[in-house]
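First up is the structure itself, then whatever we jot down about it.
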Amino acid sequence: MQQKIIEGIINGDRRMVARAISLIEDEASEKETILSAIFPYTGKAYCLGITGAPGAGKSSLVDQLLVLLRRQGLRVGVIAVDPTSPFTGGAILGDRIRMQEHALDKAVFIRSMGTRGNLGGLSRATKDVIQILDAFGKDVVIIETVGVGQSEVDIIKYADTTVVVLTPASGDSVQTIKAGIMEIADVFVVNKADLPGADRTVSEISMMLDLGGKKRAWRPPIVRTITLDGSGVGELHRALLDHREYLTSSGRLEKAREDRVRRDIVDLIEYKVKSTIWRQVSGSAEFELLVSRIMSRETDPYAAAVQILRSINLNGLSP
Amino acid sequence: MREEKKIRVLVAKPGLDGHDRGAKVVARALRDAGMEVVYTGLHQTAEQVVEAAIQEDVDIIGLSILSGAHLTIFPRVCQLLRENNAEDIIVMGGGTIPDEDIEELISKGFARALFTPGATSAEIVGWIRKVTAEN
Amino acid sequence: MSAKEKKELPSQGRKAWETCVDGLPERPQKFMTVSSVPIKALYTPDDVPGLDYQRDLGYPGFYPYTRGVQPNMYRGRLWTMRQFAGFATAKESNERYKYLLSQGQTGLSVAFDMPTIMGYDSDHPRAFGEVGRVGVAIDSLEDMETLFSGIPLDKITTSMTINAPAAVLWCMYIATAEKQGIPSHKLGGTIQNDILKEYIAQKSWIFPPEPSMRLITDIFAFSGQHVPRWNTVSISGYHIREAGSTAVQELAFTLADGFAYVEAGINAGIDVDSFAPRLSFFFNAHIDFFEEIAKYRAARRIWARRMKEKYGAKDERSLLLRFHTQTAGCSLTAQQPENNIVRTAYEALAAVLGGTQSLHTNSMDEVLALPSEKAVLIALRTQQIIAEETGAIYTIDPLAGSYFVEALTDQMEAEAEKYFERIEQLGGVLPAIDQGFFQQEIADAAYRYQLEIEQKERIIVGVNDYVIEEPRQLDLLKIDPQIEEEQIKRLRVLRAKRDNAVCGSRLETLRRAAGTRENLIPYILECVRAYVTEGEVIQVLRDVFGEYKEKPIF
C-alpha cells in the first residue's frame with residue numbers, strides 16, 4: 001500500500017495524494033517513509049500564504065487567484081485550514097464552498113484541513129502536505145490560514161510569499177490588529193475596497209510601513225481588491241510575481257529555503273529525541289519512583305532529569 | 001504517536017434548490033461528534049461532489065436531497081466513484097425519499113443508508129461510526 | 001418570579017395565589033414557545049403596565065394599526081384564500097388557469113421551476129433533471145405568451161414567485177400584455193422580488209447584493225411611472241422561518257429587509273410614498289398559536305411607526321403592513337401525516353386572528369409529496385370552516401386586551417428593536433449579510449430546535465413521542481422526462497427562428513447599460529421583446545455584476 005501511494009504521488013494519482021495527506025494528518029506509521037521517498041521530487045513548488053482576519057475574504061481571493069494562475073497554465077494546490085473545536089475534536093471545513101468552481105479542473109487540487117489542536121493558524125501536517133503537493137507536480141501551493149484572529153505567524157515558516165488580507169469593514173484600525181501579523185506581510189491586500197474607510201486603511205498601513213524607519217529592500221505593496229467583482233486581483237497577481245522575482249534575483253529565496261531545511265532538521269531531531277525518550281520514560285517504574293521522591297523532597301527535578309537521561313538509550317531511534 | 005484516525009465526511013447539497021437546513025444541522029451534529037465535515041455548499045453537481053470527495057479523502061459522502069431527484073443523483077454519484085476507483089467511499093443520504101425508492105437505492109447499492117425526516121443526529125452519528133469502523 | 005416583581009403585585013389576592021402556586025409541583029416540562037421563549041404561568045395587568053390604548057393599539061384601520069389594516073376587517077371582506085400551485089409546462093398551466101378563471105377566481109399564482117428561478121435556460125447543464133419539476137419552465141417571451149394565451153391580462157391579477165431574475169420575468173409579463181394590446185399601466189399583480197431573504201435564508205440568489213438591490217430600485221422607479229398597480233416586492237419572512245429561525249427573528253429580519261428596501265428607494269431618489277404603498281409582506285404561520293398572533297400584531301405596529309417617524313411617509317397607505325400568510329411547512333411531519341390537518345388548522349386560525357390579508361393552507365402531504373386532490377381540498381376547506389363555522393372572525397382582533405397577548409406583542413416588538421440595533425451596529429442589512437449575521441442566528445436557532453427535539457425537551461407528536469409503527473406513504477411527484485426534452489426542443493426551435501442579430505445587439509446594449517447607473521428595465525424589456533431568453537439576459541448581467549457565493553456558516 002505504502003509503495004502504491006508513493007508511486008501514485010509521483011505519477012500524479014490524486015486519489016493516492018489524498019490518501020497520503022490523510023495518513024500524514026493522522027500521524028500514521030507510513031508517514032515518514034512516504035515523505036522520505038518523495039523528497040527527491042520536491043523543491044519545485046512556489047508556496048504562497050494567505051492570512052488575515054475572519055471574514056476578510058481569503059477564500060474568495062484564493063478562488064480568483066486560481067483563475068489567473070490557471071490562465072498562466074500553472075498547476076495549483078490549495079491547503080485550506082479551518083479551526084478544530086477544542087471541545088469535540090470535530091471541525092466543519094467550509095472554505096471549499098468558494099472554490100468549488102475549480103473542483104473539476106484536474107490541474108487544481110484542494111484540500112481542507114482542521115487545525116487539530118495546533119495553534120498559529122495552521123495544522124501540524126501543513127508542512128508535510130506542502131511536500132506531497134510539491135512532489136505531485138504542483139507549481140504553486142496556496143495555503144489559506146484559519147483566520148480566527150489569533151496571531152497566525154506560522155505561515156512565514158512555510159510560505160515563500162505571505163499575503164496579509166485586511167478589510168476596512170472590520171472597524172479595526174490597523175494599529176489594533178495584532179502587531180505580529182503586520183510584520184509578516186510581503187504583500188498587503190485591502191479587500192472590500194469599495195467600502196468606506198478603505199483609503200484610511202491603506203494610508204494607515206502605509207504609515208506603519210514608513211514608521212519602521214530602516215530602509216527596506218522590499219517594501220510590501222498595498223493592493224486594493226473587491227472580490228465581489230474581481231477588481232484588483234490582477235494587480236495582486238502582479239505584486240506576487242514581483243515579490244517572487246525580488247526573492248529570486250536577490251538570492252533570498254535560496255537563503256530562506258536553506259534556513260527552512262536547517263530548521264526542519266532541528267525540529268525533526270527534537271521531535272525524534274523527545275518521542276524516543278518519552279516512550280522509554282513514560283510510566284516506567286523508575287520515573288514514577290522519582291516523582292514520589294521529588295514529592296517527598298528527597299530529591300529535586302533537576303537531579304532526577306539528569307539521572308533519567310543517563311539511562312536513556314538513543315540507539316535505534318524510533319520513527 | 002499515531003492519532004486516532006479522524007472520520008471525514010463530505011456533506012453536499014446537490015440540485016438547484018436552497019433547502020440546506022437539514023444538511024447544516026447534520027454537519028453541525030457530526031462536528032459535535034468529533035468528525036471532520038467538509039461542506040461543499042449548495043447547487044453541486046454529481047461531478048463536483050465526487051471530485052471533492054476524492055481530493056478530501058473522505059470516508060463518507062452524505063447527500064441531502066429534497067428535490068425528488070434522488071433516483072438520478074445517487075446512481076450518478078456511484079457511477080462516478082467507480083470510474084475514479086473510489087467505490088470504497090461510502091454513500092449515504094437524507095431528505096424526503098419514499099420507502100420504495102429507499103429500497104431500490106439500497107438494494108442496487110447506490111446508497112448504504114438513507115435517513116428520512118425524524119431521524120436523529122445520534123442515529124446518523126452512530127451509523128457512521130459503525131460503518132467506518134467496519135471499513 | 002423575581003423579588004422585585006413580587007413586590008409590585010398590587011393585590012393581596014395575587015399574593016395568596018403566588019404563595020399557593022409556589023407550593024404546587026409543575027410537570028417536568030419546559031414551558032416555552034416554539035421559539036424557545038419561556039412562558040409564565042400567569043399574565044396580569046402587571047405585565048402590561050404602560051399599555052396606552054390609543055398609542056399602542058388604536059382602532060382597526062387607524063394608526064398604529066396594531067388591530068388591523070382595515071376598519072372593518074373580515075366583516076367587510078374575507079381574506080383571500082390563495083392556494084399556490086405549479087405545473088410543469090406553460091401549456092398545462094394555461095389550461096389550469098383558464099379553468100380556475102371560469103370558476104370565478106380572479107387572481108393567478110405562478111410557480112416557476114428551479115432553472116427559471118436560478119436564471120438558467122432549460123438547456124443549461126445545471127438545469128438537467130429539474131426542468132418543470134417544481135413549477136413552470138419559462139425560457140422566453142414565447143413561453144410567457146403560451147402561459148397567458150387567451151387570458152386578458154387587464155382583467156386579472158397575477159402573483160409570480162420569482163426573486164433573483166424577477167426583472168426579466170416581469171418584463172416578459174409586460175411584453176405579453178403588449179402583444180395582447182394592453183398597456184402596462186393597466187396591469188396588476190405581485191412579484192416576490194425579495195432578494196434579501198434569499199441571501200439570509202432561501203438561497204436562490206444569482207448576483208451579489210449591491211447590483212441585486214439596484215435591479216429592485218430600477219423596478220421601483222419603472223413601476224412608479226409605467227406599472228403603478230404592481231406590487232413590486234413581497235417582503236418574505238416565510239422562508240426565514242422555514243430555514244429554522246425563531247418568531248422574533250422572522251419578524252425582525254423581515255422588517256429589517258423591508259426598511260432596507262425603503263432606504264434603497266429613498267437613496268435612489270424615489271419619493272417614499274410613490275413606492276412604499278406597493279410593498280407587501282409574506283409571513284409564516286407556525287404552530288405556536290399566541291406567539292404567532294403577537295408577531296403579526298407587532299409587525300403592523302413597528303412598520304407603521306418606523307415608516308411615519310423614521311422615513312417620513314405621508315401617505316397612509318405607506319404605513320400599512322399588508323401581508324400574505326402560509327402555514328408552516330416545517331411544522332408538518334412525515335409520521336402520521338393526517339395529524340398535519342390539525343396542525344395546519346391551528347396555524348391558519350392564528351393567521352386569521354392575526355389579521356392576514358390572504359392565506360395559503362398547506363395540504364397534509366404537501367411537504368413530502370405531490371398533494372393529493374383530497375388533501376388540497378381539505379386544506380382549502382380548513383380556511384372555509386374558520387370563516388364560516390367557528391365564529392372566530394366576527395369581531396376584529398379578538399385577542400386584544402389579553403394580558404398575555406399584549407405582553408407578548410410588546411415583548412416581540414422590544415426584541416425586534418434589539419435586533420434592529422444590532423443590525424445597525426453592523427452597518428445595516430447588507431453588511432450584516434456579508435458578515436453572516438442573519439445566517440448564523442438562524443443556524444443557531446435551527447440547531448437548538450433540533451437538539452430540543454432529540455433531547456425530548458420539545459415533543460413533536462408522532463416523531464419523538466406517541467410514535468406508532470406505520471408504513472410511510474409517499475407519493476412524490478414523478479416528472480415525465482419528456483417534459484424536459486420537449487421544452488429544450490422548443491427552445492432550440494426558437495433560437496433558430498428569431499432574429500439573432502437583433503438579439504445580439506440588444507444584449508450588447510444591455511451589457512453597456514449595466515455598467516452605468518441607468519435604469520435597466522427598458523433595456524431588459526427590449527431584449528425580451530426580441531425573444532432573448534431569460535438565461536441569456538441573466539448571463540450578460542452575471543458577466544457584469546459577478547455571481548454571489550454563499551458564506552460557510554453553520
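As shown in the C-alpha cells, the chain order sets the letters A, B, ...; within each chain, residues go from 1, and ligands are also counted from 1 in the order they appear.
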
- Message: List the spatial neighbours of region 262-275 of chain C as an MDAnalysis selection string - criterion: any atom at most 6 Å away, only C-alpha atoms, same-chain residues fewer than 6 positions off excluded.
- Response: chainID C and resid 217 313 315

Residues of chain B within 7 Å of chain A: nearest atom pair and distance (Å, one decimal) for each, counting only C-alpha atoms, sorted by chain and number, as JSON lines?
```
{"residue": "B:Met1", "atom": "CA", "partner": "A:Glu27", "partner_atom": "CA", "distance": 6.9}
{"residue": "B:Arg2", "atom": "CA", "partner": "A:Glu27", "partner_atom": "CA", "distance": 4.8}
{"residue": "B:Glu3", "atom": "CA", "partner": "A:Asp26", "partner_atom": "CA", "distance": 5.3}
{"residue": "B:Glu4", "atom": "CA", "partner": "A:Asp26", "partner_atom": "CA", "distance": 6.7}
{"residue": "B:Lys5", "atom": "CA", "partner": "A:Asp26", "partner_atom": "CA", "distance": 5.5}
{"residue": "B:Lys6", "atom": "CA", "partner": "A:Asp26", "partner_atom": "CA", "distance": 6.9}
{"residue": "B:Arg31", "atom": "CA", "partner": "A:Gly90", "partner_atom": "CA", "distance": 4.3}
{"residue": "B:Asp32", "atom": "CA", "partner": "A:Thr88", "partner_atom": "CA", "distance": 5.7}
{"residue": "B:Ala33", "atom": "CA", "partner": "A:Thr88", "partner_atom": "CA", "distance": 6.4}
{"residue": "B:Gly34", "atom": "CA", "partner": "A:Gly90", "partner_atom": "CA", "distance": 3.6}
{"residue": "B:Met35", "atom": "CA", "partner": "A:Gly90", "partner_atom": "CA", "distance": 4.5}
{"residue": "B:Glu36", "atom": "CA", "partner": "A:Ala91", "partner_atom": "CA", "distance": 4.7}
{"residue": "B:Val37", "atom": "CA", "partner": "A:Ile92", "partner_atom": "CA", "distance": 4.7}
{"residue": "B:Val38", "atom": "CA", "partner": "A:Leu93", "partner_atom": "CA", "distance": 4.7}
{"residue": "B:Tyr39", "atom": "CA", "partner": "A:Gly94", "partner_atom": "CA", "distance": 5.1}
{"residue": "B:Thr40", "atom": "CA", "partner": "A:Ile97", "partner_atom": "CA", "distance": 4.8}
{"residue": "B:Gly41", "atom": "CA", "partner": "A:Ile97", "partner_atom": "CA", "distance": 5.4}
{"residue": "B:Gln48", "atom": "CA", "partner": "A:Ala103", "partner_atom": "CA", "distance": 5.8}
{"residue": "B:Glu51", "atom": "CA", "partner": "A:Ala103", "partner_atom": "CA", "distance": 6.3}
{"residue": "B:Ala52", "atom": "CA", "partner": "A:Ala103", "partner_atom": "CA", "distance": 6.4}
{"residue": "B:Ile54", "atom": "CA", "partner": "A:Arg15", "partner_atom": "CA", "distance": 5.9}
{"residue": "B:Gln55", "atom": "CA", "partner": "A:Ala18", "partner_atom": "CA", "distance": 5.3}
{"residue": "B:Glu56", "atom": "CA", "partner": "A:Arg111", "partner_atom": "CA", "distance": 5.5}
{"residue": "B:Asp57", "atom": "CA", "partner": "A:Ala18", "partner_atom": "CA", "distance": 5.3}
```

Could you turn the residues from that selection into a file that holds C-alpha atoms, as a PDB file, in the first residue's frame?
```pdb
ATOM      1  CA  MET B   1       2.256   8.906  18.498  1.00  0.00           C
ATOM      2  CA  ARG B   2      -0.327   7.916  15.958  1.00  0.00           C
ATOM      3  CA  GLU B   3      -3.532   9.802  16.458  1.00  0.00           C
ATOM      4  CA  GLU B   4      -6.879   8.138  16.272  1.00  0.00           C
ATOM      5  CA  LYS B   5      -7.999   8.126  12.667  1.00  0.00           C
ATOM      6  CA  LYS B   6     -10.356  11.007  12.120  1.00  0.00           C
ATOM      7  CA  ARG B  31     -18.718  18.109  14.078  1.00  0.00           C
ATOM      8  CA  ASP B  32     -20.006  17.954  17.642  1.00  0.00           C
ATOM      9  CA  ALA B  33     -19.440  14.197  17.474  1.00  0.00           C
ATOM     10  CA  GLY B  34     -15.757  14.856  16.724  1.00  0.00           C
ATOM     11  CA  MET B  35     -15.756  14.305  12.967  1.00  0.00           C
ATOM     12  CA  GLU B  36     -14.303  16.487  10.254  1.00  0.00           C
ATOM     13  CA  VAL B  37     -17.025  17.659   7.933  1.00  0.00           C
ATOM     14  CA  VAL B  38     -16.174  19.048   4.524  1.00  0.00           C
ATOM     15  CA  TYR B  39     -19.093  21.158   3.355  1.00  0.00           C
ATOM     16  CA  THR B  40     -19.248  21.919  -0.356  1.00  0.00           C
ATOM     17  CA  GLY B  41     -22.316  24.066  -0.257  1.00  0.00           C
ATOM     18  CA  GLN B  48     -18.265  18.295  -8.211  1.00  0.00           C
ATOM     19  CA  GLU B  51     -14.143  15.163  -7.180  1.00  0.00           C
ATOM     20  CA  ALA B  52     -14.288  16.945  -3.830  1.00  0.00           C
ATOM     21  CA  ILE B  54     -11.652  12.226  -3.704  1.00  0.00           C
ATOM     22  CA  GLN B  55      -9.440  15.219  -3.018  1.00  0.00           C
ATOM     23  CA  GLU B  56     -10.637  15.401   0.554  1.00  0.00           C
ATOM     24  CA  ASP B  57     -10.203  11.638   1.037  1.00  0.00           C
TER      25      ASP B  57
END
```

Based on the backbone DSSP call, show me all residues of region 249-334 of chain C assigned strand (DSSP E), as a PDB file with all heavy atoms, in the first residue's frame.
```pdb
ATOM      1  N   LEU C 279     -45.419  47.961  -1.385  1.00  0.00           N
ATOM      2  CA  LEU C 279     -44.680  46.894  -0.688  1.00  0.00           C
ATOM      3  C   LEU C 279     -45.673  46.067   0.123  1.00  0.00           C
ATOM      4  O   LEU C 279     -46.560  46.613   0.767  1.00  0.00           O
ATOM      5  CB  LEU C 279     -43.631  47.488   0.253  1.00  0.00           C
ATOM      6  CG  LEU C 279     -42.572  48.397  -0.372  1.00  0.00           C
ATOM      7  CD1 LEU C 279     -41.652  48.960   0.713  1.00  0.00           C
ATOM      8  CD2 LEU C 279     -41.757  47.647  -1.411  1.00  0.00           C
ATOM      9  N   SER C 280     -45.544  44.752   0.072  1.00  0.00           N
ATOM     10  CA  SER C 280     -46.391  43.919   0.919  1.00  0.00           C
ATOM     11  C   SER C 280     -45.512  42.861   1.580  1.00  0.00           C
ATOM     12  O   SER C 280     -44.331  42.747   1.254  1.00  0.00           O
ATOM     13  CB  SER C 280     -47.495  43.273   0.093  1.00  0.00           C
ATOM     14  OG  SER C 280     -46.928  42.434  -0.893  1.00  0.00           O
ATOM     15  N   PHE C 281     -46.101  42.112   2.491  1.00  0.00           N
ATOM     16  CA  PHE C 281     -45.312  41.152   3.283  1.00  0.00           C
ATOM     17  C   PHE C 281     -45.867  39.732   3.155  1.00  0.00           C
ATOM     18  O   PHE C 281     -46.997  39.539   2.726  1.00  0.00           O
ATOM     19  CB  PHE C 281     -45.289  41.578   4.759  1.00  0.00           C
ATOM     20  CG  PHE C 281     -44.400  42.764   5.004  1.00  0.00           C
ATOM     21  CD1 PHE C 281     -44.845  44.058   4.723  1.00  0.00           C
ATOM     22  CD2 PHE C 281     -43.119  42.600   5.490  1.00  0.00           C
ATOM     23  CE1 PHE C 281     -44.020  45.150   4.926  1.00  0.00           C
ATOM     24  CE2 PHE C 281     -42.290  43.688   5.696  1.00  0.00           C
ATOM     25  CZ  PHE C 281     -42.742  44.962   5.412  1.00  0.00           C
ATOM     26  N   PHE C 282     -45.028  38.786   3.536  1.00  0.00           N
ATOM     27  CA  PHE C 282     -45.390  37.364   3.449  1.00  0.00           C
ATOM     28  C   PHE C 282     -44.805  36.674   4.677  1.00  0.00           C
ATOM     29  O   PHE C 282     -43.596  36.577   4.821  1.00  0.00           O
ATOM     30  CB  PHE C 282     -44.809  36.800   2.146  1.00  0.00           C
ATOM     31  CG  PHE C 282     -44.946  35.307   1.970  1.00  0.00           C
ATOM     32  CD1 PHE C 282     -45.839  34.549   2.711  1.00  0.00           C
ATOM     33  CD2 PHE C 282     -44.166  34.654   1.014  1.00  0.00           C
ATOM     34  CE1 PHE C 282     -45.951  33.181   2.535  1.00  0.00           C
ATOM     35  CE2 PHE C 282     -44.262  33.283   0.827  1.00  0.00           C
ATOM     36  CZ  PHE C 282     -45.156  32.548   1.595  1.00  0.00           C
ATOM     37  N   PHE C 283     -45.710  36.276   5.588  1.00  0.00           N
ATOM     38  CA  PHE C 283     -45.239  35.669   6.839  1.00  0.00           C
ATOM     39  C   PHE C 283     -45.605  34.194   6.927  1.00  0.00           C
ATOM     40  O   PHE C 283     -46.476  33.698   6.226  1.00  0.00           O
ATOM     41  CB  PHE C 283     -45.832  36.405   8.045  1.00  0.00           C
ATOM     42  CG  PHE C 283     -45.221  37.748   8.291  1.00  0.00           C
ATOM     43  CD1 PHE C 283     -45.976  38.907   8.158  1.00  0.00           C
ATOM     44  CD2 PHE C 283     -43.887  37.868   8.657  1.00  0.00           C
ATOM     45  CE1 PHE C 283     -45.420  40.156   8.391  1.00  0.00           C
ATOM     46  CE2 PHE C 283     -43.323  39.111   8.895  1.00  0.00           C
ATOM     47  CZ  PHE C 283     -44.090  40.261   8.760  1.00  0.00           C
ATOM     48  N   ASN C 284     -44.935  33.536   7.862  1.00  0.00           N
ATOM     49  CA  ASN C 284     -45.170  32.146   8.191  1.00  0.00           C
ATOM     50  C   ASN C 284     -46.222  32.079   9.298  1.00  0.00           C
ATOM     51  O   ASN C 284     -46.322  33.005  10.102  1.00  0.00           O
ATOM     52  CB  ASN C 284     -43.841  31.564   8.704  1.00  0.00           C
ATOM     53  CG  ASN C 284     -43.787  30.049   8.691  1.00  0.00           C
ATOM     54  OD1 ASN C 284     -44.557  29.382   9.360  1.00  0.00           O
ATOM     55  ND2 ASN C 284     -42.857  29.511   7.926  1.00  0.00           N
ATOM     56  N   ALA C 285     -47.023  31.016   9.328  1.00  0.00           N
ATOM     57  CA  ALA C 285     -47.887  30.765  10.487  1.00  0.00           C
ATOM     58  C   ALA C 285     -47.443  29.443  11.090  1.00  0.00           C
ATOM     59  O   ALA C 285     -47.746  28.374  10.581  1.00  0.00           O
ATOM     60  CB  ALA C 285     -49.351  30.703  10.076  1.00  0.00           C
ATOM     61  N   PHE C 323     -50.262  41.718   4.572  1.00  0.00           N
ATOM     62  CA  PHE C 323     -49.464  40.501   4.432  1.00  0.00           C
ATOM     63  C   PHE C 323     -50.254  39.269   4.014  1.00  0.00           C
ATOM     64  O   PHE C 323     -51.427  39.134   4.291  1.00  0.00           O
ATOM     65  CB  PHE C 323     -48.661  40.219   5.701  1.00  0.00           C
ATOM     66  CG  PHE C 323     -49.477  39.841   6.922  1.00  0.00           C
ATOM     67  CD1 PHE C 323     -49.595  38.523   7.328  1.00  0.00           C
ATOM     68  CD2 PHE C 323     -50.104  40.817   7.670  1.00  0.00           C
ATOM     69  CE1 PHE C 323     -50.329  38.173   8.457  1.00  0.00           C
ATOM     70  CE2 PHE C 323     -50.837  40.490   8.809  1.00  0.00           C
ATOM     71  CZ  PHE C 323     -50.949  39.166   9.204  1.00  0.00           C
ATOM     72  N   HIS C 324     -49.530  38.427   3.312  1.00  0.00           N
ATOM     73  CA  HIS C 324     -49.993  37.091   2.962  1.00  0.00           C
ATOM     74  C   HIS C 324     -49.383  36.129   3.978  1.00  0.00           C
ATOM     75  O   HIS C 324     -48.311  36.399   4.503  1.00  0.00           O
ATOM     76  CB  HIS C 324     -49.520  36.747   1.544  1.00  0.00           C
ATOM     77  CG  HIS C 324     -49.748  35.319   1.139  1.00  0.00           C
ATOM     78  ND1 HIS C 324     -51.006  34.807   0.946  1.00  0.00           N
ATOM     79  CD2 HIS C 324     -48.889  34.305   0.893  1.00  0.00           C
ATOM     80  CE1 HIS C 324     -50.909  33.519   0.598  1.00  0.00           C
ATOM     81  NE2 HIS C 324     -49.631  33.195   0.551  1.00  0.00           N
ATOM     82  N   THR C 325     -50.080  35.034   4.264  1.00  0.00           N
ATOM     83  CA  THR C 325     -49.546  34.061   5.216  1.00  0.00           C
ATOM     84  C   THR C 325     -49.608  32.665   4.611  1.00  0.00           C
ATOM     85  O   THR C 325     -50.537  32.352   3.866  1.00  0.00           O
ATOM     86  CB  THR C 325     -50.383  34.059   6.514  1.00  0.00           C
ATOM     87  OG1 THR C 325     -50.493  35.391   6.995  1.00  0.00           O
ATOM     88  CG2 THR C 325     -49.733  33.198   7.580  1.00  0.00           C
ATOM     89  N   GLN C 326     -48.607  31.876   4.931  1.00  0.00           N
ATOM     90  CA  GLN C 326     -48.674  30.450   4.605  1.00  0.00           C
ATOM     91  C   GLN C 326     -48.400  29.673   5.878  1.00  0.00           C
ATOM     92  O   GLN C 326     -47.521  30.050   6.672  1.00  0.00           O
ATOM     93  CB  GLN C 326     -47.658  30.087   3.517  1.00  0.00           C
ATOM     94  CG  GLN C 326     -47.723  28.600   3.140  1.00  0.00           C
ATOM     95  CD  GLN C 326     -46.873  28.255   1.921  1.00  0.00           C
ATOM     96  OE1 GLN C 326     -46.494  29.128   1.141  1.00  0.00           O
ATOM     97  NE2 GLN C 326     -46.560  26.983   1.756  1.00  0.00           N
ATOM     98  N   THR C 327     -49.150  28.609   6.092  1.00  0.00           N
ATOM     99  CA  THR C 327     -48.904  27.790   7.275  1.00  0.00           C
ATOM    100  C   THR C 327     -47.535  27.126   7.134  1.00  0.00           C
ATOM    101  O   THR C 327     -47.010  26.993   6.035  1.00  0.00           O
ATOM    102  CB  THR C 327     -50.014  26.743   7.456  1.00  0.00           C
ATOM    103  OG1 THR C 327     -50.108  25.964   6.264  1.00  0.00           O
ATOM    104  CG2 THR C 327     -51.358  27.415   7.729  1.00  0.00           C
TER     105      THR C 327
END
```

How close does chain C get to chain A? List, as a Markdown table, each residue of chain C within 12 Å, its nearest atom pair and the distance in Å to one decimal, counting only C-alpha atoms.
```
| residue | atom | partner | partner_atom | distance |
| --- | --- | --- | --- | --- |
| C:Phe207 | CA | A:Leu228 | CA | 9.3 |
| C:Pro208 | CA | A:Leu228 | CA | 6.9 |
| C:Pro209 | CA | A:Leu228 | CA | 9.4 |
| C:Glu210 | CA | A:Leu228 | CA | 9.6 |
| C:Pro211 | CA | A:Leu228 | CA | 10.5 |
| C:Gln425 | CA | A:Gly171 | CA | 10.7 |
| C:Leu426 | CA | A:Ala169 | CA | 9.2 |
| C:Gly427 | CA | A:Ala169 | CA | 8.9 |
| C:Gly428 | CA | A:Ala169 | CA | 11.9 |
| C:Leu430 | CA | A:Leu195 | CA | 11.6 |
| C:Pro431 | CA | A:Ala169 | CA | 8.3 |
| C:Ala432 | CA | A:Ala169 | CA | 10.7 |
| C:Ile433 | CA | A:Gly55 | CA | 11.3 |
| C:Asp434 | CA | A:Gly55 | CA | 8.2 |
| C:Gln435 | CA | A:Gly55 | CA | 6.6 |
| C:Gly436 | CA | A:Gly55 | CA | 8.7 |
| C:Phe437 | CA | A:Gly55 | CA | 11.3 |
| C:Gly515 | CA | A:Asp229 | CA | 12.0 |
| C:Leu541 | CA | A:Asp229 | CA | 11.9 |
| C:Arg542 | CA | A:Asp229 | CA | 9.9 |
| C:Asp543 | CA | A:Asp229 | CA | 9.2 |
| C:Val544 | CA | A:Asp229 | CA | 8.0 |
| C:Phe545 | CA | A:Asp229 | CA | 6.6 |
| C:Gly546 | CA | A:Asp229 | CA | 5.4 |
| C:Glu547 | CA | A:Leu228 | CA | 7.5 |
| C:Tyr548 | CA | A:Leu228 | CA | 7.4 |
| C:Lys549 | CA | A:Arg98 | CA | 6.4 |
| C:Glu550 | CA | A:Ile97 | CA | 7.2 |
| C:Lys551 | CA | A:Ile97 | CA | 7.7 |
| C:Pro552 | CA | A:Gly94 | CA | 5.2 |
| C:Ile553 | CA | A:Gly94 | CA | 8.0 |
| C:Phe554 | CA | A:Ile92 | CA | 8.2 |
```

Same residues, C-alpha atoms, saved as a CSV table (one decimal), in the first residue's frame:
```csv
chain,number,residue,atom,x,y,z
C,207,PHE,CA,-25.8,38.3,-8.3
C,208,PRO,CA,-24.1,39.9,-5.3
C,209,PRO,CA,-26.3,42.1,-3.1
C,210,GLU,CA,-25.4,45.6,-4.4
C,211,PRO,CA,-26.4,45.0,-8.1
C,425,GLN,CA,-24.2,48.4,14.6
C,426,LEU,CA,-23.1,46.0,11.9
C,427,GLY,CA,-23.6,48.8,9.3
C,428,GLY,CA,-27.1,47.8,8.0
C,430,LEU,CA,-26.1,44.3,3.5
C,431,PRO,CA,-23.0,44.4,5.7
C,432,ALA,CA,-24.8,42.1,8.2
C,433,ILE,CA,-25.4,39.6,5.4
C,434,ASP,CA,-21.8,40.0,4.3
C,435,GLN,CA,-20.7,39.2,7.9
C,436,GLY,CA,-23.1,36.2,8.0
C,437,PHE,CA,-25.0,37.7,11.0
C,515,GLY,CA,-22.0,49.1,-16.4
C,541,LEU,CA,-25.8,40.6,-16.2
C,542,ARG,CA,-23.7,37.9,-14.5
C,543,ASP,CA,-20.7,38.9,-16.6
C,544,VAL,CA,-21.1,42.5,-15.4
C,545,PHE,CA,-22.3,42.0,-11.9
C,546,GLY,CA,-20.5,38.8,-10.9
C,547,GLU,CA,-22.0,35.9,-9.0
C,548,TYR,CA,-22.8,35.6,-5.3
C,549,LYS,CA,-21.2,32.8,-3.4
C,550,GLU,CA,-22.5,31.5,-0.1
C,551,LYS,CA,-20.8,32.0,3.2
C,552,PRO,CA,-19.8,29.0,5.1
C,553,ILE,CA,-22.0,29.5,8.2
C,554,PHE,CA,-23.2,26.7,10.5
```

- For Arg75 (chain C), work out the shell of residues within 8 Å, counting only C-alpha atoms and skipping chain neighbours fewer than 3 positions away, then give it as a ChimeraX atom specification. /C:72,78,393-395

- Item | Long-range neighbours of Arg224 (chain A) as a list in words, 10 Å cut-off, only C-alpha atoms, 3 positions minimum in chain | Val165, Leu166, Thr167, Phe188, Val189, Val190, Asn191, Lys192, Ala193, Asp194, Ala198, Asp199, Val202, Pro221, Thr227, Ser231, Gly232, Val233, Glu235 and Leu236 of chain A

- If we count only C-alpha atoms, what is near Val131 (chain B) at a cut-off of 12 Å, once residues fewer than 5 positions away on the same chain are taken out, given as a ChimeraX atom specification? /B:7,59-60,88-92,112-113,124-126

Keeping C-alpha atoms for every residue in the selection just given, could you write it to a file as a short mmCIF file (atom, residue, chain, number, x, y, z; two decimals), in the first residue's frame?
```
data_model
loop_
_atom_site.label_atom_id
_atom_site.label_comp_id
_atom_site.auth_asym_id
_atom_site.auth_seq_id
_atom_site.Cartn_x
_atom_site.Cartn_y
_atom_site.Cartn_z
CA ILE B 7 -13.61 10.27 10.39
CA ASP B 59 -14.82 8.14 4.40
CA ILE B 60 -18.41 9.07 3.75
CA ASP B 88 -14.67 2.43 -1.13
CA ILE B 89 -16.15 5.81 -0.22
CA ILE B 90 -19.49 5.09 1.43
CA VAL B 91 -22.51 6.98 0.14
CA MET B 92 -25.38 7.90 2.40
CA ARG B 112 -25.67 2.37 2.07
CA ALA B 113 -28.20 4.22 4.24
CA ILE B 124 -26.68 9.20 11.98
CA VAL B 125 -23.54 9.57 14.10
CA GLY B 126 -23.86 6.02 15.40
#
```

- Write out as a PyMOL selection string each polymer residue whose atoms come within 9 Å of Thr382 (chain C), counting only C-alpha atoms; drop sequence neighbours fewer than 6 positions from it. chain C and resi 341+344-345+348+361
